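The structure under discussion appears below in the form of structure tokens.
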Amino acid sequence: MKKYDLLIQRVLTLAKELGVYLIVRIQNTKSKHIVVNNGKTEEMYYNEGGGISFQAFTKAGGCGFATSEKIDEDSSLKMVKIATEIAEEMEKRGGKPNTEIFQQEPVVESRYSNTKYPFDYLTLEEEERLLVEFNREILNSYGNVAIESLYRNVMDHWRIVRSDGTDVYYEIPRTIVANTITAKGNRTASTRGALSGSDISILLDEEKKQKLYKRIQQSCNLAVALLSAPKIKSGNYKIVLDYALAKGLAHEAFGHAAESDGMKLSILADEKGHFREGELVASPSVSIIDESIEGDYAYQPYSANGSKRERTEIIKGGILKEALADIFSAKEAGVQVTGAGRVESYRHLPLPRMSNIRIEVEGAIPLDKDFEDVTPQELYQILLKNNYIKPEEEVLYLVGYKGGQVKSSQGEFVFNCSGIYRLGEECTLYQPAIFSGKVLSALKSIKAGVGPLLLDAQGSCGKAGQNVPSSGGSHYFILLESNKDVIIGGE
């Protein structure tokens with residue numbers, strides 16, 4: 001990115017002559033993508049891309065935006081003029097102004113990736129061989145399942161420069177191996193097993209390979225067992241969520257409601273559209289925290305506006321504390337900027353987004369074994385021993401997050417899981433069913449956590465036409481008391 005120093009100097013000089021404040025975003029991305037289906041490679045490609053964008057602001061706060069995939073002087077100077085013209089036109093037409101960018105402190109920092117294996121450590125063909133071997137190893141162990149393995153390795157380079165002297169460079173490495181398992185009989189059942197991180201160590205380091213293998217083994221066993229599983233009876237139950245479902249609850253049902261650009265329609269806002277800071281919304285033992293974590297799939301140390309991304313305690317001890325806010329919507333939502341602005345690429349405008357979001361419960365029951373090694377029977381005994389459930393109670397354990405939908409304005413959510421266990425001395429598996437209800441009711445129902453924090457549940461978060469990596473989790477397991485506003489579907 002240093003080769004763009006002269007280019008950046010010239011576009012900033014032009015912006016000054018035009019009388020506008022400028023944010024420059026330069027992105028360069030390298031990515032490898034492989035899909036292996038039942039031992040055979042279906043897709044494989046290497047891609048490099050990138051470009052530059054310019055966000056211009058008039059003194060009155062009018063804003064214009066222009067991008068180019070060509071990072072050269074002629075294209076860049078042209079785009080600065082276009083962004084300026086749009087900003088001035090917006091101001092003339094009475095568009096909504098924003099002057100908060102002028103209040104930001106300048107930042108000059110660089111953050112380099114700290115991965116064990118660099119992006120180009122192996123060739124694409126070598127990575128393909130590792131994935132094919134891994135896929136076939138699973139197939140040989142389970143003759144009655146089909147498995148699709150997706151591998152993606154990405155290195156994102158960003159440089160963000162502003163008229164106030166801000167100059168930030170950072171790298172975002174991320175890697176995932178996601179496996180979709182399908183078992184067929186009288187009906188079809190599908191599950192998922194994945195592991196993410198920052199480099200190819202997922203397929204090279206024995207410890208990580210074994211963790212991934214155990215997850216897939218669990219998923220294969222579950223898919224086969226689901227072929228003969230009955231349907232659960234719908235109703236209100238005491239519920240245990242695994243950490244991936246807890247991440248889904250935190251992310252979809254609550255995190256989006258805490259984003260400052262949607263506060264006017266959020267259940268977490270008052271009638272003026274201000275974040276209801278200080279209000280009790282969960283048990284005093286519950287906290288929800290969003291934080292960028294190095295080595296994580298959704299790692300991003302700085303916002304797309306060049307400011308440092310802050311650890312955000314959305315809920316602390318059951319009380320609403322902080323919102324996920326960027327410079328363009330924080331003031332209107334009545335909150336402080338937390339550097340939450342993210343973009344899918346240089347072509348997009350920043351929006352407040354989550355990174356790694358988690359649920360923490362004070363006084364969680366400790367466990368000294370891996371999540372993958374805890375069986376439903378063991379989970380039942382742990383809860384029973386700690387007096388969180390009674391022998392005669394109906395308790396359902398939901399496993400595997402498979403997406404869902406949320407209406408932030410109404411505070412309602414609908415999630416899908418991979419399977420349901422009725423916990424007991426003899427645990428019974430049931431087909432997956434919809435987990436739905438009211439967001440605040442679910443939060444207030446959280447009773448306990450089991451195990452240490454596990455924060456590698458990953459996915460892709462869509463908002464306003466942009467998709468960005470997301471991740472998070474909770475303790476291994478989260479226990480929710482039965483609540484009339486939280487329902488398990490079924491018969």
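Please note that chains go A, B, ... in the order of the structure tokens, that every chain numbers its residues from 1, and that ligands are numbered from 1 in the order shown.
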
Residues near Gln466 in chain A, cut-off 9 Å, only C-alpha atoms, skip fewer than 2 positions along chain, as a count of residues only: 9

Exercise: Ser75 in chain A partners within 12 Å, only C-alpha atoms, chain neighbours under 5 positions left out, as number ranges by chain: A: 7, 11, 51-54, 66-70, 80-82

Long-range neighbours of range 390-396 of chain A as number ranges by chain, 10 Å cut-off, only C-alpha atoms, 5 positions minimum in chain: A: 232, 236-241, 380-381, 383-385, 420-425, 427-430, 479-482, 488

Shell around Leu139 in chain A at 8 Å using only C-alpha atoms, local window under 5 positions removed, as a list in words: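 Listing them by chain and then by number gives Asn38, Gly39, Val145, Ala146 and Ile147 of chain A.
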
Deliver the residues from the most recent selection as a file, using N, CA and C atoms, as a PDB file, in the first residue's frame.
ATOM      1  N   ASN A  38     -18.178 -35.094  -2.334  1.00  0.00           N
ATOM      2  CA  ASN A  38     -18.039 -36.554  -2.363  1.00  0.00           C
ATOM      3  C   ASN A  38     -16.741 -37.014  -3.028  1.00  0.00           C
ATOM      4  N   GLY A  39     -15.653 -36.404  -2.591  1.00  0.00           N
ATOM      5  CA  GLY A  39     -14.336 -36.833  -3.042  1.00  0.00           C
ATOM      6  C   GLY A  39     -13.853 -36.239  -4.339  1.00  0.00           C
ATOM      7  N   VAL A 145     -23.510 -41.297   3.906  1.00  0.00           N
ATOM      8  CA  VAL A 145     -23.724 -39.855   3.865  1.00  0.00           C
ATOM      9  C   VAL A 145     -23.016 -39.267   2.643  1.00  0.00           C
ATOM     10  N   ALA A 146     -23.510 -38.117   2.220  1.00  0.00           N
ATOM     11  CA  ALA A 146     -22.825 -37.315   1.202  1.00  0.00           C
ATOM     12  C   ALA A 146     -22.246 -36.102   1.915  1.00  0.00           C
ATOM     13  N   ILE A 147     -21.088 -35.659   1.469  1.00  0.00           N
ATOM     14  CA  ILE A 147     -20.458 -34.522   2.137  1.00  0.00           C
ATOM     15  C   ILE A 147     -19.869 -33.554   1.121  1.00  0.00           C
TER      16      ILE A 147
END

Residue nearest Ser190 in chain A among A:Gly437, A:Gly165, A:Pro432, A:Pro452 (counting only C-alpha atoms): A:Pro432

Range 167-182 of chain A surroundings by only C-alpha atoms, 7 Å radius, close-in-sequence under 4 positions cut, as number ranges by chain: A: 107-113, 145-162, 188-200, 219-220, 223, 297, 299-300, 306

Tell me which protein, DNA and RNA residues are within 7 Å of range 315-320 of chain A, counting only C-alpha atoms, leaving out same-chain ones fewer than 3 positions away, and put them as a PDB file with N, CA and C atoms, in the first residue's frame.
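Writing the result to part-v9.pdb gives the following:
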ATOM      1  N   ARG A 276     -32.034   3.159  24.531  1.00  0.00           N
ATOM      2  CA  ARG A 276     -32.541   3.215  25.903  1.00  0.00           C
ATOM      3  C   ARG A 276     -31.453   2.813  26.906  1.00  0.00           C
ATOM      4  N   GLU A 277     -30.372   3.546  26.915  1.00  0.00           N
ATOM      5  CA  GLU A 277     -29.249   3.258  27.802  1.00  0.00           C
ATOM      6  C   GLU A 277     -29.694   3.272  29.265  1.00  0.00           C
ATOM      7  N   GLY A 278     -29.238   2.283  30.017  1.00  0.00           N
ATOM      8  CA  GLY A 278     -29.548   2.214  31.438  1.00  0.00           C
ATOM      9  C   GLY A 278     -30.757   1.382  31.786  1.00  0.00           C
ATOM     10  N   GLU A 279     -31.447   0.859  30.783  1.00  0.00           N
ATOM     11  CA  GLU A 279     -32.655   0.071  31.041  1.00  0.00           C
ATOM     12  C   GLU A 279     -32.312  -1.396  31.271  1.00  0.00           C
ATOM     13  N   LEU A 280     -32.984  -2.011  32.240  1.00  0.00           N
ATOM     14  CA  LEU A 280     -32.790  -3.429  32.530  1.00  0.00           C
ATOM     15  C   LEU A 280     -33.557  -4.255  31.504  1.00  0.00           C
ATOM     16  N   VAL A 281     -32.842  -5.112  30.751  1.00  0.00           N
ATOM     17  CA  VAL A 281     -33.482  -5.905  29.706  1.00  0.00           C
ATOM     18  C   VAL A 281     -33.202  -7.394  29.830  1.00  0.00           C
ATOM     19  N   ALA A 282     -32.353  -7.779  30.791  1.00  0.00           N
ATOM     20  CA  ALA A 282     -32.005  -9.185  30.966  1.00  0.00           C
ATOM     21  C   ALA A 282     -31.672  -9.432  32.431  1.00  0.00           C
ATOM     22  N   SER A 283     -31.439 -10.684  32.765  1.00  0.00           N
ATOM     23  CA  SER A 283     -31.021 -11.029  34.114  1.00  0.00           C
ATOM     24  C   SER A 283     -29.719 -10.299  34.453  1.00  0.00           C
ATOM     25  N   PRO A 284     -29.528  -9.890  35.708  1.00  0.00           N
ATOM     26  CA  PRO A 284     -28.287  -9.193  36.107  1.00  0.00           C
ATOM     27  C   PRO A 284     -27.021 -10.008  35.872  1.00  0.00           C
ATOM     28  N   SER A 285     -27.147 -11.290  35.607  1.00  0.00           N
ATOM     29  CA  SER A 285     -25.967 -12.122  35.358  1.00  0.00           C
ATOM     30  C   SER A 285     -25.577 -12.164  33.883  1.00  0.00           C
ATOM     31  N   VAL A 286     -26.390 -11.540  33.006  1.00  0.00           N
ATOM     32  CA  VAL A 286     -26.196 -11.672  31.555  1.00  0.00           C
ATOM     33  C   VAL A 286     -25.561 -10.428  30.946  1.00  0.00           C
ATOM     34  N   SER A 287     -24.570 -10.643  30.095  1.00  0.00           N
ATOM     35  CA  SER A 287     -23.958  -9.570  29.319  1.00  0.00           C
ATOM     36  C   SER A 287     -23.863 -10.002  27.859  1.00  0.00           C
ATOM     37  N   ILE A 288     -23.958  -9.027  26.961  1.00  0.00           N
ATOM     38  CA  ILE A 288     -23.752  -9.277  25.529  1.00  0.00           C
ATOM     39  C   ILE A 288     -22.687  -8.306  25.052  1.00  0.00           C
ATOM     40  N   ILE A 289     -21.620  -8.840  24.481  1.00  0.00           N
ATOM     41  CA  ILE A 289     -20.449  -8.043  24.126  1.00  0.00           C
ATOM     42  C   ILE A 289     -20.070  -8.285  22.672  1.00  0.00           C
TER      43      ILE A 289
END

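Nearest to Leu22 in chain A of all the residues A:Lys264, A:Lys40, A:Lys96, A:Lys59 is A:Lys59, counting only C-alpha atoms.
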
CA of Pro118 in chain A to CA of Glu48 in chain A, straight-line distance in Å: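 CA of Glu48 in chain A sits 15.8 Å away from CA of Pro118 in chain A.
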
Members of range 52-127 of chain A assigned helix (DSSP H, G or I) by DSSP, as a PyMOL selection string: chain A and resi 73-92+100-103+124-127

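The smallest atom-to-atom distance between Gln336 in chain A and any of A:Gln377, A:Leu14, A:Glu252, A:Glu259, using only C-alpha atoms, is found for A:Glu259.
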
Separation of CA of Asp290 in chain A from CA of Phe415 in chain A in Å: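 Atom-to-atom, CA of Phe415 in chain A to CA of Asp290 in chain A, that is 20.7 Å.
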